[in-house]
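Working notes, beginning with the structure itself.
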Amino acid sequence: MNEPLTVQTPSTIGQEAVDAAPRTLWLDRRAFLVGGGLVAAGLLARPLARSLFGGGAAVFIARHQRYDGALEQTIRAGLLATGLDPAELRDRKVLLKPNLVEPTRLAPHMTTHPAMILAAAEVFRGWGATVVVGEAPGHVRDTEMALAESGLGEALDSANLDFADLNYEETAWVANRGRASKLAGFHLPRSIVEADLVVSMPKLKTHHWVGLTVSMKNLYGILPGVKYGWPKNVLHHAGIPQTVFDINASLPKRVAIVDGIVAMEGDGPIMGSPKPLGLVVIGTNPTAVDATCARIMGLDPARVGYLQLANYRLGPISDRAIVQRGERWQETASPFTILNRPHLQELRLDSGGILTS
Amino acid sequence: MRWVEAILDELSEATSWGYRPGAPPATEPAAMGALALAGHGRHEAAQRACRWLVSLQADDGALGISAAEAAPHWPTGLAVLAWKTIGGAAEYETAIAKALAWLLAVRGETSPRSDEVGHDTTAIGWPWVEGTHAWVEPTAFNLLALKATGHAAHPRARWGAGLLVDRLLTSGGCNYGNTVVLGQALRAHVEPTGLALAALAGEGDPTGKIARSIEYLDKTLDRSTTAASLAYGLMGLAAHGRVSIAAGEWLASAAERTRRRGASPHRLALLALAALGTDCPILLGTNR
């Protein structure tokens with residue numbers, strides 16, 4: 001599977017400083033693995049992405065969920081209900097991507113609960129996949145500390161699960177397929193390139209710049225700090241909504257499993273307050289998942305910048321276009337408190353704007 | 001200390017200059033390895049790492065993050081520290097001069113002050129990636145490099161020190177470099193606090209934030225602190241003359257845990273460096 005891919009010249013200072021990519025790339029994953037070369041990772045997964053998902057944009061919501069409950073059963077049901085074909089996962093590599101942006105024992109509601117990750121791992125292992133957990137914590141360089149503070153390190157040891165420290169892995173350059181930002185492409189860690197499926201496993205949280213962070217924004221955390229910094233300031237300078245969209249557009253092989261059992265409201269994504277909801281939200285179309293989560297939180301997805309960009313291009317955000325499985329979002333909705341700032345208050349479903357759903 | 005000797009033996013091999021065992025050598029782990037080796041008197045092995053770092057240097061003086069990835073260039077100051085520590089060879093003096101020229105030409109992007117964030121967005125320091133804002137850790141790396149090479153009085157060093165003090169939290173400690181966002185004070189973390197304090201050794205601070213940061217580390221470090229955080233935390237305390245009597249045991253414990261969890265050469269090098277206490281070469285040139 002070799003075809004030349006011409007890369008456009010990077011157009012921002014930050015991108016130039018990050019880039020050291022040759023101008024022509026050859027699409028051969030094995031060449032990357034063996035020779036340390038570069039590859040356009042997302043393109044390789046397209047056939048799998050087509051065969052994995054049954055089509056449509058179904059979103060599954062389960063309520064009354066607990067971290068000590070039957071999460072494995074819930075996650076399996078959710079993935080099946082939203083079109084994932086387990087037969088396609090046998091002998092495939094699945095990477096689970098939690099949110100460990102800045103873990104601290106003082107705020108366990110900031111990070112994806114380890115029980116969610118272990119349950120998802122068992123589901124994919126049960127379908128014959130090889131599972132690795134990977135994350136590039138966005139605010140801390142000491143990944144061992146992130147694993148300890150989040151409780152994930154101990155959990156992974158107990159389940160004999162491998163962890164990939166995405167902040168420090170070798171990278172491969174992929175073209176930016178979204179082109180909403182000026183970034184010409186992204187440097188993806190080896191484990192992301194090798195994965196046949198990336199499972200975004202965010203914590204459901206408010207975000208004080210863009211409104212909410214769920215499965216799409218969580219994928220900021222696949223980009224390595226050694227290339228993008230701590231924080232990943234290259235992305236901020238290129239525009240948060242634009243780069244959230246671009247990263248997702250450049251990675252076609254994604255599903256979402258959202259930890260909304262104890263969510264975060266107020267001053268998320270770091271300093272917010274716990275919001276017990278008991279929800280797990282699952283889907284094979286992360287755009288539809290995030291739009292549904294926005295409604296649950298009392299936010300209008302049509303006013304959220306990166307969802308506006310994703311609408312029709314990566315998936316639907318209109319309620320009418322999203323097939324609901326499990327619970328109806330209207331019955332689980334519980335408006336989140338958000339900071340009293342104009343750029344956030346204008347996102348609210350009840351702020352007087354015209355609802356698009 | 002037997003655990004240190006074992007680390008130094010491993011760091012003597014080029015295969016141990018990566019972030020993970022078996023990973024390709026990278027600039028930061030190689031520089032830290034060279035510093036640890038030199039600090040413990042393993043000069044021959046340190047020379048190998050230093051020469052490898054020279055081989056990575058671009059014509060403009062900058063070093064990328066590895067041989068395969070020529071950008072970004074934030075580890076350049078670390079190479080300066082390693083070369084200055086090993087000293088003696090003309091090739092290093094040339095490399096240092098080129099690296100300093102690059103380092104002095106780079107600065108983080110500034111912006112007008114805003115009530116959205118608490119820190120001084122006009123302050124000049126160093127970014128992780130050129131074209132972006134300045135943050136604590138790259139500024140601390142480069143301030144240490146300037147001090148080690150006798151440029152502590154250079155305006156860039158003074159501005160860098162000012163930026164670091166500004167980024168310390170009022171309550172002590174710092175994180176990656178935000179203090180207050182949208183009215184909310186953020187949390188401190190050990191690793192950036194230790195590194196910032198190392199770079200701020202000998203600096204005056206009428207705000208008292210340096211003293212409160214020392215208190216934060218004093219209270220926070222213990223046997224369970226993870227390897228990189230512990231190493232930088234102890235370096236930061238050592239820079240201000242604080243050496244815990246328990247430090248040796250904590251470091252040995254962290255080394256054992258690090259070996260159980262994949263034996264990152266980078267983390268092991270940091271632990272060996274921290275074991276040097278006030279003689280840690282990271283602190284070369286700081287006015288302790």
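We label chains A, B, ... in the order they appear in the structure tokens, count residues from 1 in each chain, and number ligands from 1 in the order shown.
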(message) Give me the residues near segment 338-351 of chain A as a PyMOL selection string, where near means some atom within 6 Å (using only C-alpha atoms) and where sequence neighbours in that chain fewer than 3 positions away do not count.
(response) chain A and resi 211+266+298-300+303
Next, dump the selected residues to file, keeping only C-alpha atoms, as a PDB file, in the first residue's frame.
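result-v8.pdb, written as the output of this step:
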ATOM      1  CA  GLY A 211     -17.573  24.848  26.644  1.00  0.00           C
ATOM      2  CA  GLY A 266     -18.132  24.566  36.715  1.00  0.00           C
ATOM      3  CA  GLY A 298     -27.524  21.805  28.859  1.00  0.00           C
ATOM      4  CA  LEU A 299     -25.326  23.152  26.074  1.00  0.00           C
ATOM      5  CA  ASP A 300     -26.322  23.650  22.457  1.00  0.00           C
ATOM      6  CA  ARG A 303     -22.925  26.801  19.309  1.00  0.00           C
TER       7      ARG A 303
END
(request) Identify, on the basis of only C-alpha atoms, every residue whose closest approach to segment 93-96 of chain B does not exceed 12 Å; exclude the query and any residue fewer than 2 positions from it along the same chain; express the result as an NGL selection string. (result) :B and (50-63 or 76-91 or 98-104 or 145-146 or 148-150)
Closest atom pairs, chain B residues within 8 Å of chain A, only C-alpha atoms, as a Markdown table:
| residue | atom | partner | partner_atom | distance |
| --- | --- | --- | --- | --- |
| B:Tyr19 | CA | A:Tyr168 | CA | 6.6 |
| B:Ile65 | CA | A:Val226 | CA | 7.2 |
| B:Glu69 | CA | A:Ala20 | CA | 6.1 |
| B:Ala70 | CA | A:Ala20 | CA | 5.7 |
| B:Ala71 | CA | A:Val18 | CA | 5.2 |
| B:Pro72 | CA | A:Val18 | CA | 4.8 |
| B:His73 | CA | A:Ala17 | CA | 7.6 |
| B:Trp128 | CA | A:Gly229 | CA | 5.1 |
| B:Val129 | CA | A:Ala17 | CA | 6.1 |
| B:Glu130 | CA | A:Gly14 | CA | 5.5 |
| B:Gly131 | CA | A:Gly14 | CA | 4.5 |
| B:Thr132 | CA | A:Gly14 | CA | 6.2 |
| B:His133 | CA | A:Asn233 | CA | 7.1 |
| B:Asn175 | CA | A:His139 | CA | 7.9 |
| B:Tyr176 | CA | A:His139 | CA | 6.2 |
| B:Gln184 | CA | A:Met271 | CA | 7.7 |
| B:Leu186 | CA | A:Met271 | CA | 7.3 |
| B:Glu191 | CA | A:Asp142 | CA | 7.2 |
| B:Thr225 | CA | A:Met145 | CA | 7.7 |
| B:Thr226 | CA | A:Met145 | CA | 5.5 |
| B:Ala227 | CA | A:Glu144 | CA | 7.6 |
| B:Ala228 | CA | A:Asp142 | CA | 6.0 |
| B:Ser229 | CA | A:Asp142 | CA | 6.5 |
(request) Tell me, in Å to one decimal, how far atom CA of Met264 of chain A is from atom CA of Gly278 of chain A. (result) 12.2 Å
(message) So that I can see what lies close to Glu137 of chain B, please list as a PyMOL selection string the residues with an atom at most 7 Å from it, counting only C-alpha atoms and leaving out residues fewer than 4 positions away in the same chain.
(response) chain B and resi 141+176+192+195
Residue subset to file, keeping C-alpha atoms, as an mmCIF file, in the first residue's frame:
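See again.cif below for the written result:
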data_model
loop_
_atom_site.group_PDB
_atom_site.id
_atom_site.type_symbol
_atom_site.label_atom_id
_atom_site.label_comp_id
_atom_site.auth_asym_id
_atom_site.auth_seq_id
_atom_site.Cartn_x
_atom_site.Cartn_y
_atom_site.Cartn_z
ATOM 1 C CA PHE B 141 16.344 24.793 31.326
ATOM 2 C CA TYR B 176 3.568 24.057 33.780
ATOM 3 C CA PRO B 192 8.090 21.973 37.533
ATOM 4 C CA LEU B 195 13.080 22.655 38.233
#
(request) May I ask for the distance between atom CA of Ile247 of chain A and atom CA of Leu223 of chain A, given in Å to one decimal place? (result)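 That distance, rounded to one decimal, is 9.1 Å.
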